[in-house]
There are 2 protein chains.
Amino acid sequence: MSQPAYVAVDWGTSSFRLWLVDRSGDILGERRSQEGMIAAGKLGFPAVLQSHLDAVGAANGLPVIVCGMAGARQGWVEAGYVDTPAPLASILKQAVAVPGQDRDIRILPGIAQRDPRAPDVMRGEETQLLGVLGMDAAGDALVCMPGTHSKWVKANGATVERFATFMTGELFDVISRETILSHAVAGADEETECEAFQSAVTRAFETPANAANLLLQVRSGQLLYGGTPSSAREKISGTLIGLELAGGLAGGAPRAAITLVASGRLQTLYQLAFDTVAVPVRSIGAEDAVRRGLSMAAQSIWNV
Amino acid sequence: MSQPAYVAVDWGTSSFRLWLVDRSGDILGERRSQEGMIAAGKLGFPAVLQSHLDAVGAANGLPVIVCGMAGARQGWVEAGYVDTPAPLASILKQAVAVPGQDRDIRILPGIAQRDPRAPDVMRGEETQLLGVLGMDAAGDALVCMPGTHSKWVKANGATVERFATFMTGELFDVISRETILSHAVAGADEETECEAFQSAVTRAFETPANAANLLLQVRSGQLLYGGTPSSAREKISGTLIGLELAGGLAGGAPRAAITLVASGRLQTLYQLAFDTVAVPVRSIGAEDAVRRGLSMAAQSIWNV
């Protein structure tokens with residue numbers, strides 16, 4: 001059996017994922033928990049990490065590479081930002097060593113766009129981008145990374161030129177839970193109503209200025225014509241994703257295919273949304289991307 | 001002293017306003033409370049109304065004209081809808097008498113747009129429109145009525161041709177209270193930061209597709225460049241109002257001036273927003289409008 005070479009950790013705001021990895025990049029052990037930055041801030045980052053290292057039997061000297069919110073100011077150790085235009089290689093060079101630890105633990109920095117007309121930050125997605133683009137990428141790329149705060153990234157070669165964050169996922173959450181539309185979606189099941197979703201995507205994509213009206217039509221439509229809670233939920237989701245696509249694709253249709261970095265339900269919805277507006281995408285799993293990025297960082301830093 | 005001729009009531013979702021009016025339309029008494037449809041649904045509509053009638057000393061036989069959510073299905077007595085294209089005169093003709101009362105109490109219907117591509121309803125604003133346009137209006141009009149759910153109404157003569165509701169006010173509330181942007185606005189004071197507001201209006205008006213990105217820039221901008229909570233609040237407000245104006249004005253700049261029906265802070269903000277995008281408006285107070293509409297209804301129904 002192969003030997004562990006390093007430990008890779010994706011430490012987000014509300015989730016923690018750890019992999020024990022061998023020299024060839026194969027996974028020997030894995031942990032997942034809800035001990036993200038918020039929970040770990042209370043429990044203590046070293047204790048949370050150590051408990052998971054113990055659980056996978058990681059030897060004392062094994063190095064650990066970390067990306068995500070553990071490097072935020074409110075996180076474990078602040079890992080700062082690489083400013084745009086940001087060569088992905090700089091992410092690796094600016095990894096911050098956690099002081100006072102028995103083992104070598106490094107946290108990767110985020111990327112900041114210090115443009116007063118479009119200020120933006122990312123933390124965690126830069127590692128996914130590293131996994132998706134690699135350090136030898138050539139040509140232009142447009143990468144869509146859906147989530148609570150979706151990122152749209154324009155890269156040239158292995159350099160992040162610009163990016164924009166859309167609060168699509170968070171808007172969906174508060175609009176379906178906290179507004180009058182909560183009555184329309186109450187009791188929705190998990191099934192995807194493709195037709196309702198696609199029609200909403202098309203309308204928001206074509207007339208993004210009407211977004212706040214299209215959202216309320218979900219309620220008025222149900223009042224006047226009926227309709228299921230699931231269909232209402234898909235309309236809200238489709239409206240917000242259609243609005244995001246209108247913004248993300250505003251620079252015109254890209255020459256190459258867009259790369260979609262997503263998993264699970266988000267992958268399904270965004271794939272369907274891109275299909276609806278007839279924009280081809282290449283889809284990569286979000287977890288594959290971050291694991292690959294962390295592996296590239298470990299290889300570069302420790303030559304493992 | 002002049003004699004009371006009728007009582008006018010604007011009964012909204014969360015507010016109740018009552019006026020004792022004489023034959024010439026002058027106000028002899030006035031009441032305001034938070035006993036809107038939601039509260040009155042629990043307390044009982046007849047009891048709430050009677051307590052305010054007693055407070056202004058309204059005689060037993062005095063008739064009462066009511067508009068607003070008291071006529072909703074969840075209200076006192078359902079007053080239905082007039083369908084678009086809706087002549088404002090039909091509002092008066094379809095007023096519903098409340099059964100089993102000692103005095104004559106009529107509730108005005110709302111307006112429904114039964115268009116599967118743009119389903120919409122209003123209840124209360126039709127009475128403001130009556131007050132603003134009258135029954136002898138000529139020509140085209142575009143009326144903007146800001147609120148929790150802003151209405152944009154296209155009228156031809158005294159007929160409501162089409163309208164659209166934007167959930168601008170409700171979006172502002174949940175976004176500033178329930179999302180990550182709540183951190184950016186915490187501690188905001190009441191002062192209007194015109195520059196931040198206007199700049200946000202302009203950007204959302206010009207690139208509505210970026211709305212969900214512009215909102216998040218409020219947070220990223222504060223993180224990278226600092227800025228006051230009040231300025232953050234004005235940017236959220238400006239972004240959402242700019243988005244609404246982009247949608248409401250999408251049909252092209254109107255030939256005549258737009259009529260803005262608003263009061264207080266909303267009047268200030270929307271006036272400033274229209275100024276920012278260089279669209280002239282004629283401004284009318286929302287309360288004046290509804291009182292005038294109720295008076296026209298009372299005159300028409302009882303010839304008072």
# chains A, B, ... in the order shown; residues from 1 in each chain; ligands from 1
call {"tool": "calpha_fit_and_write", "arguments": {"fixed": "chain B", "moving": "chain A", "output": "short mmCIF file (atom, residue, chain, number, x, y, z; two decimals) with C-alpha atoms, in the first residue's frame"}}
result
data_model
loop_
_atom_site.label_atom_id
_atom_site.label_comp_id
_atom_site.auth_asym_id
_atom_site.auth_seq_id
_atom_site.Cartn_x
_atom_site.Cartn_y
_atom_site.Cartn_z
CA MET A 1 -69.04 74.23 10.82
CA SER A 2 -69.59 71.87 7.91
CA GLN A 3 -71.30 68.50 8.32
CA PRO A 4 -69.61 65.10 7.78
CA ALA A 5 -70.77 63.57 4.48
CA TYR A 6 -68.91 60.24 4.49
CA VAL A 7 -65.96 58.33 5.90
CA ALA A 8 -62.98 57.28 3.72
CA VAL A 9 -60.71 54.37 4.71
CA ASP A 10 -57.41 53.21 3.22
CA TRP A 11 -57.02 49.72 4.72
CA GLY A 12 -53.66 48.24 3.78
CA THR A 13 -51.80 45.09 4.77
CA SER A 14 -50.22 46.63 7.84
CA SER A 15 -51.77 50.09 8.17
CA PHE A 16 -55.19 51.65 8.64
CA ARG A 17 -56.05 55.26 7.81
CA LEU A 18 -59.47 56.88 8.19
CA TRP A 19 -60.77 60.34 7.29
CA LEU A 20 -64.07 61.99 8.18
CA VAL A 21 -64.92 64.12 5.15
CA ASP A 22 -67.50 66.85 4.40
CA ARG A 23 -69.42 67.47 1.17
CA SER A 24 -66.68 69.68 -0.25
CA GLY A 25 -63.95 67.13 0.45
CA ASP A 26 -62.48 68.87 3.51
CA ILE A 27 -61.13 66.69 6.31
CA LEU A 28 -63.02 66.98 9.61
CA GLY A 29 -61.31 64.15 11.46
CA GLU A 30 -58.52 61.65 10.92
CA ARG A 31 -57.23 58.36 12.40
CA ARG A 32 -54.13 56.29 11.76
CA SER A 33 -53.14 52.95 13.24
CA GLN A 34 -51.22 49.74 12.61
CA GLU A 35 -54.48 47.77 12.48
CA GLY A 36 -54.02 46.75 8.86
CA MET A 37 -55.46 43.58 7.33
CA ILE A 38 -53.16 41.31 9.33
CA ALA A 39 -53.98 42.81 12.74
CA ALA A 40 -57.66 43.39 11.89
CA GLY A 41 -58.01 39.78 10.76
CA LYS A 42 -57.40 38.81 14.38
CA LEU A 43 -59.24 41.67 16.10
CA GLY A 44 -62.23 41.59 13.73
CA PHE A 45 -62.71 44.14 10.93
CA PRO A 46 -66.09 45.50 12.19
CA ALA A 47 -64.72 46.15 15.70
CA VAL A 48 -61.58 47.90 14.41
CA LEU A 49 -63.57 50.12 12.07
CA GLN A 50 -66.20 50.95 14.72
CA SER A 51 -63.56 51.97 17.27
CA HIS A 52 -62.14 54.52 14.85
CA LEU A 53 -65.60 55.72 13.78
CA ASP A 54 -66.41 56.30 17.45
CA ALA A 55 -63.12 58.12 17.94
CA VAL A 56 -63.95 60.68 15.24
CA GLY A 57 -67.63 60.84 16.33
CA ALA A 58 -69.04 59.53 13.03
CA ALA A 59 -72.88 59.44 13.13
CA ASN A 60 -74.57 56.03 12.80
CA GLY A 61 -75.91 56.48 9.28
CA LEU A 62 -72.70 57.90 7.75
CA PRO A 63 -71.54 55.79 4.78
CA VAL A 64 -67.98 54.40 4.58
CA ILE A 65 -65.90 53.89 1.44
CA VAL A 66 -62.92 51.51 1.79
CA CYS A 67 -60.01 50.60 -0.48
CA GLY A 68 -57.08 48.23 -0.05
CA MET A 69 -56.43 44.81 1.41
CA ALA A 70 -59.70 44.78 3.40
CA GLY A 71 -61.11 43.63 0.03
CA ALA A 72 -58.64 40.74 -0.38
CA ARG A 73 -59.65 37.12 -0.01
CA GLN A 74 -57.90 37.08 3.39
CA GLY A 75 -59.52 40.46 4.23
CA TRP A 76 -62.99 41.49 5.39
CA VAL A 77 -65.17 40.92 2.33
CA GLU A 78 -63.62 39.88 -0.97
CA ALA A 79 -64.06 42.68 -3.49
CA GLY A 80 -62.58 40.85 -6.50
CA TYR A 81 -60.71 42.48 -9.36
CA VAL A 82 -61.45 44.52 -12.46
CA ASP A 83 -59.43 42.98 -15.30
CA THR A 84 -57.09 44.97 -17.53
CA PRO A 85 -57.68 46.92 -19.68
CA ALA A 86 -59.46 48.38 -16.65
CA PRO A 87 -61.50 51.60 -16.96
CA LEU A 88 -61.18 53.37 -13.61
CA ALA A 89 -64.96 53.96 -13.69
CA SER A 90 -65.42 50.17 -13.36
CA ILE A 91 -63.69 50.31 -9.98
CA LEU A 92 -66.55 52.42 -8.66
CA LYS A 93 -69.26 50.29 -10.30
CA GLN A 94 -67.87 47.07 -8.85
CA ALA A 95 -67.60 48.30 -5.25
CA VAL A 96 -68.87 45.56 -2.92
CA ALA A 97 -71.31 46.33 -0.09
CA VAL A 98 -70.38 44.76 3.25
CA PRO A 99 -73.45 42.69 4.26
CA GLY A 100 -75.13 42.78 7.67
CA GLN A 101 -73.99 46.28 8.70
CA ASP A 102 -76.10 49.12 10.13
CA ARG A 103 -74.44 51.63 7.81
CA ASP A 104 -73.59 51.53 4.10
CA ILE A 105 -70.00 50.27 3.80
CA ARG A 106 -68.48 49.66 0.35
CA ILE A 107 -65.12 48.12 -0.51
CA LEU A 108 -63.49 48.95 -3.85
CA PRO A 109 -62.11 46.09 -5.99
CA GLY A 110 -58.49 45.74 -7.13
CA ILE A 111 -57.18 45.33 -10.69
CA ALA A 112 -55.91 42.04 -12.16
CA GLN A 113 -53.74 41.57 -15.23
CA ARG A 114 -54.74 38.08 -16.41
CA ASP A 115 -51.86 37.62 -18.82
CA PRO A 116 -49.98 34.33 -18.34
CA ARG A 117 -46.81 36.07 -19.57
CA ALA A 118 -47.15 38.85 -16.99
CA PRO A 119 -49.66 37.96 -14.28
CA ASP A 120 -50.13 40.78 -11.79
CA VAL A 121 -52.55 42.21 -9.25
CA MET A 122 -53.00 45.47 -7.37
CA ARG A 123 -55.26 46.41 -4.49
CA GLY A 124 -55.30 49.94 -3.13
CA GLU A 125 -53.18 51.49 -5.88
CA GLU A 126 -56.22 51.55 -8.24
CA THR A 127 -57.77 54.11 -5.88
CA GLN A 128 -54.60 56.21 -5.92
CA LEU A 129 -54.70 56.02 -9.73
CA LEU A 130 -58.28 57.24 -9.71
CA GLY A 131 -57.16 60.19 -7.58
CA VAL A 132 -54.18 60.91 -9.83
CA LEU A 133 -55.77 60.45 -13.26
CA GLY A 134 -59.45 61.15 -12.58
CA MET A 135 -62.17 59.73 -14.82
CA ASP A 136 -61.76 62.26 -17.61
CA ALA A 137 -58.04 61.72 -18.28
CA ALA A 138 -56.86 61.86 -21.90
CA GLY A 139 -53.67 60.60 -23.54
CA ASP A 140 -51.02 58.18 -22.34
CA ALA A 141 -49.63 58.21 -18.83
CA LEU A 142 -46.90 56.30 -17.03
CA VAL A 143 -47.31 56.23 -13.26
CA CYS A 144 -44.64 55.02 -10.82
CA MET A 145 -45.91 54.10 -7.35
CA PRO A 146 -42.96 53.08 -5.14
CA GLY A 147 -43.38 50.87 -2.11
CA THR A 148 -42.72 47.44 -0.67
CA HIS A 149 -44.09 46.27 -4.02
CA SER A 150 -43.69 49.16 -6.48
CA LYS A 151 -46.24 49.48 -9.29
CA TRP A 152 -45.56 50.86 -12.75
CA VAL A 153 -48.79 51.60 -14.56
CA LYS A 154 -49.44 52.41 -18.21
CA ALA A 155 -52.76 54.19 -18.63
CA ASN A 156 -54.52 55.44 -21.70
CA GLY A 157 -57.12 58.05 -20.82
CA ALA A 158 -58.82 56.78 -17.66
CA THR A 159 -58.10 53.14 -18.43
CA VAL A 160 -55.29 51.06 -16.90
CA GLU A 161 -53.81 49.26 -19.91
CA ARG A 162 -50.97 47.35 -18.24
CA PHE A 163 -48.97 47.34 -15.06
CA ALA A 164 -46.00 45.63 -13.46
CA THR A 165 -45.10 45.13 -9.82
CA PHE A 166 -41.46 45.16 -8.69
CA MET A 167 -40.57 43.75 -5.27
CA THR A 168 -37.97 46.49 -4.75
CA GLY A 169 -38.88 47.52 -1.20
CA GLU A 170 -39.14 43.98 0.07
CA LEU A 171 -35.82 43.05 -1.59
CA PHE A 172 -34.19 46.03 0.09
CA ASP A 173 -35.50 44.89 3.47
CA VAL A 174 -34.37 41.27 3.28
CA ILE A 175 -31.05 42.05 1.61
CA SER A 176 -30.09 44.63 4.23
CA ARG A 177 -31.32 42.53 7.14
CA GLU A 178 -30.74 38.88 6.23
CA THR A 179 -27.71 38.60 3.93
CA ILE A 180 -23.97 39.15 4.26
CA LEU A 181 -24.69 42.80 3.40
CA SER A 182 -26.27 43.22 6.82
CA HIS A 183 -22.71 43.51 8.17
CA ALA A 184 -22.03 46.37 5.76
CA VAL A 185 -25.09 48.41 6.80
CA ALA A 186 -25.05 47.69 10.56
CA GLY A 187 -25.18 51.00 12.42
CA ALA A 188 -26.33 53.09 9.45
CA ASP A 189 -27.97 56.41 10.38
CA GLU A 190 -30.89 58.05 8.62
CA GLU A 191 -28.90 60.52 6.56
CA THR A 192 -29.18 60.20 2.79
CA GLU A 193 -25.78 59.82 1.10
CA CYS A 194 -26.71 61.28 -2.27
CA GLU A 195 -23.46 60.55 -4.07
CA ALA A 196 -23.36 56.84 -3.13
CA PHE A 197 -27.06 56.49 -3.97
CA GLN A 198 -26.84 58.24 -7.33
CA SER A 199 -23.76 56.37 -8.43
CA ALA A 200 -25.48 53.04 -7.59
CA VAL A 201 -28.65 54.10 -9.46
CA THR A 202 -26.62 54.93 -12.56
CA ARG A 203 -24.72 51.65 -12.57
CA ALA A 204 -27.77 49.42 -12.06
CA PHE A 205 -29.76 51.44 -14.60
CA GLU A 206 -26.98 51.06 -17.18
CA THR A 207 -26.12 47.40 -16.47
CA PRO A 208 -29.18 45.81 -14.84
CA ALA A 209 -27.84 42.33 -15.65
CA ASN A 210 -25.10 42.94 -13.08
CA ALA A 211 -27.54 43.64 -10.23
CA ALA A 212 -26.53 40.61 -8.12
CA ASN A 213 -22.86 41.56 -8.60
CA LEU A 214 -23.38 45.28 -7.88
CA LEU A 215 -25.09 44.35 -4.61
CA LEU A 216 -22.15 42.26 -3.44
CA GLN A 217 -19.69 45.02 -4.41
CA VAL A 218 -21.20 46.98 -1.52
CA ARG A 219 -19.56 44.47 0.81
CA SER A 220 -16.32 43.94 -1.16
CA GLY A 221 -15.89 47.69 -1.59
CA GLN A 222 -16.19 48.24 2.15
CA LEU A 223 -13.71 45.40 2.78
CA LEU A 224 -11.08 46.80 0.37
CA TYR A 225 -11.69 50.55 0.63
CA GLY A 226 -13.74 51.17 3.77
CA GLY A 227 -16.91 53.31 3.76
CA THR A 228 -19.74 54.12 6.16
CA PRO A 229 -22.72 51.87 6.91
CA SER A 230 -25.02 54.65 5.65
CA SER A 231 -23.20 54.77 2.35
CA ALA A 232 -23.52 50.97 2.08
CA ARG A 233 -27.27 51.20 2.71
CA GLU A 234 -27.66 53.90 0.06
CA LYS A 235 -25.75 51.78 -2.45
CA ILE A 236 -28.09 48.82 -1.87
CA SER A 237 -31.08 51.11 -2.16
CA GLY A 238 -29.71 52.83 -5.27
CA THR A 239 -28.88 49.52 -6.95
CA LEU A 240 -32.40 48.16 -6.42
CA ILE A 241 -34.15 51.39 -7.44
CA GLY A 242 -31.87 51.74 -10.48
CA LEU A 243 -32.77 48.18 -11.47
CA GLU A 244 -36.47 49.00 -11.09
CA LEU A 245 -36.15 52.15 -13.20
CA ALA A 246 -34.37 50.16 -15.92
CA GLY A 247 -37.32 47.76 -16.00
CA GLY A 248 -40.07 50.36 -15.65
CA LEU A 249 -38.60 52.62 -18.34
CA ALA A 250 -37.66 49.74 -20.68
CA GLY A 251 -40.41 50.68 -23.13
CA GLY A 252 -38.38 53.82 -23.93
CA ALA A 253 -38.57 57.34 -22.55
CA PRO A 254 -42.23 58.41 -22.40
CA ARG A 255 -43.44 61.40 -24.36
CA ALA A 256 -45.09 63.03 -21.36
CA ALA A 257 -43.59 63.30 -17.91
CA ILE A 258 -43.95 60.35 -15.60
CA THR A 259 -46.16 60.73 -12.57
CA LEU A 260 -44.49 59.72 -9.31
CA VAL A 261 -46.96 58.88 -6.54
CA ALA A 262 -45.01 58.75 -3.27
CA SER A 263 -44.51 60.38 0.11
CA GLY A 264 -41.72 60.93 2.62
CA ARG A 265 -38.42 59.13 2.21
CA LEU A 266 -39.58 57.10 -0.80
CA GLN A 267 -40.54 60.31 -2.58
CA THR A 268 -37.08 61.77 -1.86
CA LEU A 269 -35.24 58.66 -3.06
CA TYR A 270 -37.26 58.07 -6.23
CA GLN A 271 -37.20 61.77 -7.15
CA LEU A 272 -33.41 61.68 -6.80
CA ALA A 273 -33.24 58.45 -8.83
CA PHE A 274 -35.31 59.90 -11.69
CA ASP A 275 -33.18 63.06 -11.62
CA THR A 276 -30.07 60.86 -11.81
CA VAL A 277 -31.21 59.17 -15.02
CA ALA A 278 -32.52 62.52 -16.36
CA VAL A 279 -36.16 61.51 -16.63
CA PRO A 280 -38.58 64.29 -15.63
CA VAL A 281 -41.36 63.44 -13.19
CA ARG A 282 -44.42 65.15 -11.78
CA SER A 283 -44.69 64.23 -8.10
CA ILE A 284 -47.96 63.68 -6.22
CA GLY A 285 -48.26 62.69 -2.55
CA ALA A 286 -49.45 59.09 -2.09
CA GLU A 287 -51.88 60.04 0.68
CA ASP A 288 -53.36 62.93 -1.31
CA ALA A 289 -53.87 60.53 -4.19
CA VAL A 290 -55.71 57.88 -2.21
CA ARG A 291 -57.89 60.47 -0.41
CA ARG A 292 -58.83 62.06 -3.71
CA GLY A 293 -59.64 58.63 -5.19
CA LEU A 294 -61.80 57.69 -2.22
CA SER A 295 -63.63 61.04 -2.49
CA MET A 296 -64.35 60.46 -6.16
CA ALA A 297 -65.72 57.02 -5.30
CA ALA A 298 -67.93 58.41 -2.51
CA GLN A 299 -69.25 61.17 -4.76
CA SER A 300 -70.00 58.71 -7.51
CA ILE A 301 -71.68 56.09 -5.29
CA TRP A 302 -73.67 58.32 -2.93
CA ASN A 303 -73.74 61.57 -4.84
CA VAL A 304 -72.47 63.30 -1.66
#
call {"tool": "select_by_dssp", "arguments": {"residues": "segment 204-265 of chain A", "states": "helix (DSSP H, G or I)", "output": "ChimeraX atom specification"}}
result
/A:204-206,208-225,229-248,264-265
call {"tool": "write_last_selection", "arguments": {"atoms": "N, CA and C atoms", "output": "short mmCIF file (atom, residue, chain, number, x, y, z; two decimals), in the first residue's frame"}}
result
data_model
loop_
_atom_site.label_atom_id
_atom_site.label_comp_id
_atom_site.auth_asym_id
_atom_site.auth_seq_id
_atom_site.Cartn_x
_atom_site.Cartn_y
_atom_site.Cartn_z
N ALA A 204 -35.48 36.06 -17.67
CA ALA A 204 -34.54 36.92 -16.94
C ALA A 204 -33.31 37.21 -17.79
N PHE A 205 -32.88 36.22 -18.57
CA PHE A 205 -31.71 36.41 -19.43
C PHE A 205 -32.00 37.47 -20.50
N GLU A 206 -33.24 37.44 -21.02
CA GLU A 206 -33.60 38.38 -22.09
C GLU A 206 -33.94 39.77 -21.55
N PRO A 208 -33.19 41.28 -18.14
CA PRO A 208 -32.68 41.31 -16.75
C PRO A 208 -33.20 42.50 -15.96
N ALA A 209 -33.51 43.61 -16.63
CA ALA A 209 -34.01 44.79 -15.91
C ALA A 209 -35.33 44.49 -15.19
N ASN A 210 -36.05 43.47 -15.66
CA ASN A 210 -37.34 43.14 -15.04
C ASN A 210 -37.22 42.13 -13.90
N ALA A 211 -36.00 41.87 -13.44
CA ALA A 211 -35.81 40.80 -12.45
C ALA A 211 -36.75 40.91 -11.25
N ALA A 212 -36.87 42.12 -10.68
CA ALA A 212 -37.67 42.28 -9.45
C ALA A 212 -39.16 42.14 -9.74
N ASN A 213 -39.55 42.32 -11.01
CA ASN A 213 -40.93 42.09 -11.43
C ASN A 213 -41.15 40.60 -11.72
N LEU A 214 -40.20 39.97 -12.41
CA LEU A 214 -40.32 38.54 -12.73
C LEU A 214 -40.43 37.71 -11.45
N LEU A 215 -39.69 38.12 -10.41
CA LEU A 215 -39.76 37.40 -9.14
C LEU A 215 -41.17 37.45 -8.57
N LEU A 216 -41.76 38.64 -8.57
CA LEU A 216 -43.09 38.79 -7.97
C LEU A 216 -44.17 38.11 -8.80
N GLN A 217 -43.93 37.95 -10.11
CA GLN A 217 -44.88 37.22 -10.96
C GLN A 217 -45.05 35.77 -10.50
N VAL A 218 -44.04 35.24 -9.81
CA VAL A 218 -44.15 33.88 -9.29
C VAL A 218 -45.35 33.80 -8.35
N ARG A 219 -45.51 34.83 -7.53
CA ARG A 219 -46.63 34.88 -6.59
C ARG A 219 -47.95 35.22 -7.30
N SER A 220 -47.92 36.27 -8.14
CA SER A 220 -49.16 36.69 -8.81
C SER A 220 -49.66 35.59 -9.73
N GLY A 221 -48.73 34.89 -10.40
CA GLY A 221 -49.11 33.81 -11.31
C GLY A 221 -49.81 32.70 -10.56
N GLN A 222 -49.29 32.37 -9.38
CA GLN A 222 -49.90 31.32 -8.58
C GLN A 222 -51.30 31.74 -8.11
N LEU A 223 -51.41 33.03 -7.75
CA LEU A 223 -52.69 33.58 -7.28
C LEU A 223 -53.75 33.50 -8.39
N LEU A 224 -53.37 33.88 -9.62
CA LEU A 224 -54.34 33.95 -10.72
C LEU A 224 -54.52 32.63 -11.46
N TYR A 225 -53.44 31.82 -11.52
CA TYR A 225 -53.52 30.62 -12.36
C TYR A 225 -53.21 29.33 -11.62
N PRO A 229 -45.91 24.47 -5.55
CA PRO A 229 -44.80 25.11 -4.84
C PRO A 229 -43.44 24.81 -5.49
N SER A 230 -43.27 23.59 -6.00
CA SER A 230 -41.99 23.25 -6.64
C SER A 230 -41.77 24.09 -7.88
N SER A 231 -42.82 24.27 -8.64
CA SER A 231 -42.72 25.09 -9.85
C SER A 231 -42.39 26.54 -9.48
N ALA A 232 -42.98 27.03 -8.39
CA ALA A 232 -42.67 28.39 -7.92
C ALA A 232 -41.19 28.50 -7.54
N ARG A 233 -40.69 27.49 -6.83
CA ARG A 233 -39.28 27.51 -6.42
C ARG A 233 -38.37 27.51 -7.65
N GLU A 234 -38.71 26.70 -8.66
CA GLU A 234 -37.88 26.64 -9.86
C GLU A 234 -37.90 27.96 -10.63
N LYS A 235 -39.04 28.66 -10.56
CA LYS A 235 -39.13 29.95 -11.25
C LYS A 235 -38.23 30.98 -10.56
N ILE A 236 -38.22 30.97 -9.22
CA ILE A 236 -37.34 31.90 -8.50
C ILE A 236 -35.89 31.58 -8.84
N SER A 237 -35.56 30.29 -8.77
CA SER A 237 -34.20 29.86 -9.07
C SER A 237 -33.82 30.22 -10.51
N GLY A 238 -34.70 29.93 -11.45
CA GLY A 238 -34.42 30.22 -12.86
C GLY A 238 -34.27 31.71 -13.13
N THR A 239 -35.09 32.53 -12.46
CA THR A 239 -35.00 33.98 -12.64
C THR A 239 -33.63 34.47 -12.16
N LEU A 240 -33.20 34.02 -10.99
CA LEU A 240 -31.94 34.51 -10.43
C LEU A 240 -30.73 33.98 -11.21
N ILE A 241 -30.80 32.73 -11.68
CA ILE A 241 -29.69 32.19 -12.46
C ILE A 241 -29.67 32.82 -13.85
N GLY A 242 -30.85 33.05 -14.43
CA GLY A 242 -30.91 33.74 -15.73
C GLY A 242 -30.33 35.15 -15.64
N LEU A 243 -30.63 35.84 -14.55
CA LEU A 243 -30.07 37.18 -14.31
C LEU A 243 -28.55 37.10 -14.22
N GLU A 244 -28.05 36.11 -13.49
CA GLU A 244 -26.60 35.94 -13.35
C GLU A 244 -25.94 35.66 -14.70
N LEU A 245 -26.56 34.79 -15.49
CA LEU A 245 -25.99 34.47 -16.80
C LEU A 245 -25.97 35.71 -17.71
N ALA A 246 -27.01 36.53 -17.61
CA ALA A 246 -27.04 37.77 -18.40
C ALA A 246 -25.86 38.66 -18.03
N GLY A 247 -25.56 38.74 -16.73
CA GLY A 247 -24.42 39.55 -16.29
C GLY A 247 -23.09 38.92 -16.64
N GLY A 248 -22.97 37.62 -16.38
CA GLY A 248 -21.69 36.93 -16.60
C GLY A 248 -21.33 36.84 -18.07
N GLY A 264 -23.32 18.36 -7.96
CA GLY A 264 -24.66 18.08 -7.43
C GLY A 264 -25.75 18.90 -8.10
N ARG A 265 -26.66 19.41 -7.26
CA ARG A 265 -27.83 20.11 -7.77
C ARG A 265 -27.45 21.39 -8.51
#
